[in-house]
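Visitor: One structure is given below, represented as structure tokens, and several questions about it will come after.
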Amino acid sequence: MNLVKKQSSAVLILLICLSGFLAVAIGAFGAHGLKKFVSQELMVIFETGNRYHFYHTLAALAAFLLLQQSLVSESVNKSTRYFKLAIWMFLLGIFIFSFSLYALAVTGIRILGAITPIGGVCFLIGWISLGLGSFYFFVPKK
């Protein structure tokens with residue numbers, strides 16, 4: 001059981017770190033290579049995707065750290081489930097929201113923006129889950 005928890009945590013932190021790496025690499029690509037080839041309007045779309053990519057990578061990292069604390073304190077209950085859900089929703093949101101905006105900016109295909117709100121909903125679920133997990137973790141139990 002403990003091995004499964006460690007493997008699950010390892011997968012999550014690797015995905016979060018990969019997300020952070022990609023946020024930096026894609027941002028650098030946009031700043032140094034893409035500006036020459038796309039309009040200012042598409043560049044703003046690209047930068048929005050990158051900004052949200054960074055924000056939610058950091059949010060996923062915060063949720064991961066809280067998850068680890070909840071596992072160590074053996075208060076494995078609702079908080080643990082909510083922290084895991086928050087991490088997965090942030091990562092899924094990054095994939096759908098940010099990458100649809102990246103693709104739209106690079107290709108100019110406007111229909112790609114139609115799926116972006118699905119990623120936004122994932123972000124919202126992630127924030128609600130992080131809040132609920134924090135509530136169950138930090139509020140004293142009677």
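Residue numbering restarts at 1 in every chain; chains get A, B, ... in the order shown in the structure tokens, and ligands count up from 1 in that same order.
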Residues near Leu67 (chain A), anyone? I mean within 7 Å using only C-alpha atoms, not counting same-chain ones fewer than 4 positions away, as a compact mmCIF listing (two decimals) with all heavy atoms, in the first residue's frame.

Guide:
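What landed in out.txt:
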# COMPACT_ATOMS: atom_id res chain seq x y z
N ALA A 63 -1.08 22.20 -4.33
CA ALA A 63 -2.00 21.10 -3.98
C ALA A 63 -1.21 19.83 -3.69
O ALA A 63 -1.56 19.08 -2.76
CB ALA A 63 -3.01 20.87 -5.11
N LEU A 71 -0.99 13.26 3.78
CA LEU A 71 -0.60 11.85 3.86
C LEU A 71 0.31 11.59 5.05
O LEU A 71 0.18 10.58 5.73
CB LEU A 71 0.08 11.42 2.56
CG LEU A 71 -0.80 11.37 1.31
CD1 LEU A 71 0.05 11.12 0.07
CD2 LEU A 71 -1.88 10.31 1.45
N THR A 80 -7.50 14.46 1.37
CA THR A 80 -6.60 13.77 0.45
C THR A 80 -7.26 13.60 -0.92
O THR A 80 -6.64 13.88 -1.95
CB THR A 80 -6.22 12.39 1.03
OG1 THR A 80 -5.61 12.59 2.30
CG2 THR A 80 -5.27 11.66 0.11
N PHE A 83 -7.45 17.04 -2.64
CA PHE A 83 -6.15 17.52 -3.13
C PHE A 83 -5.75 16.79 -4.43
O PHE A 83 -5.26 17.40 -5.37
CB PHE A 83 -5.05 17.35 -2.07
CG PHE A 83 -5.19 18.28 -0.90
CD1 PHE A 83 -4.84 17.86 0.37
CD2 PHE A 83 -5.65 19.58 -1.05
CE1 PHE A 83 -4.95 18.71 1.47
CE2 PHE A 83 -5.77 20.44 0.03
CZ PHE A 83 -5.42 20.00 1.30
N LYS A 84 -5.99 15.47 -4.46
CA LYS A 84 -5.69 14.71 -5.68
C LYS A 84 -6.55 15.19 -6.84
O LYS A 84 -6.05 15.36 -7.96
CB LYS A 84 -5.90 13.21 -5.46
CG LYS A 84 -4.83 12.55 -4.66
CD LYS A 84 -5.10 11.06 -4.51
CE LYS A 84 -4.05 10.39 -3.64
NZ LYS A 84 -4.34 8.97 -3.45

Visitor: Give me the residues within 10 Å of Leu132 (chain A) as an MDAnalysis selection string, counting only C-alpha atoms and dropping any in the same chain fewer than 6 places off.

Guide: chainID A and resid 78:79 81:83 86 126 138

Visitor: Write out as a VMD selection string which residues come within 8 Å of region 40-45 of chain A when counting only C-alpha atoms, dropping same-chain ones fewer than 3 positions away.

Guide: chain A and resid 30 34 to 35 48 to 49 101 to 102 104 to 106 108

Visitor: Between CA of Ser129 (chain A) and CA of Ser100 (chain A), what is the distance, to one decimal in Å?

Guide: 23.4 Å

Visitor: What lies within 7 Å of region 14-21 of chain A using only C-alpha atoms, ignoring chain neighbours under 4 positions off, as a PyMOL selection string?

Guide: chain A and resi 10+25+54+57+60-61

Visitor: Pick from A:Cys122, A:Val72, A:Leu66, A:Ile94: nearest to Phe137 (chain A), with only C-alpha atoms counted?

Guide: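 Using only C-alpha atoms, the shortest distance to Phe137 (chain A) belongs to A:Leu66.
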
Visitor: So the first atom is CA of Asn50 (chain A) and the second is CA of Ile125 (chain A); what is the distance between them in Å, to one decimal place?

Guide: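 So the answer is 19.7 Å.
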
Visitor: For CA of Val38 (chain A) and CA of Leu58 (chain A), determine how far apart the two atoms are, in Å to one decimal place.

Guide: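 Interatomic distance, CA of Val38 (chain A) to CA of Leu58 (chain A): 28.1 Å.
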
Visitor: From the list A:Met89, A:Leu112, A:Ala103, A:Leu130, which residue is nearest Ala62 (chain A) when using only C-alpha atoms?

Guide: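 Closest candidate: A:Leu130.
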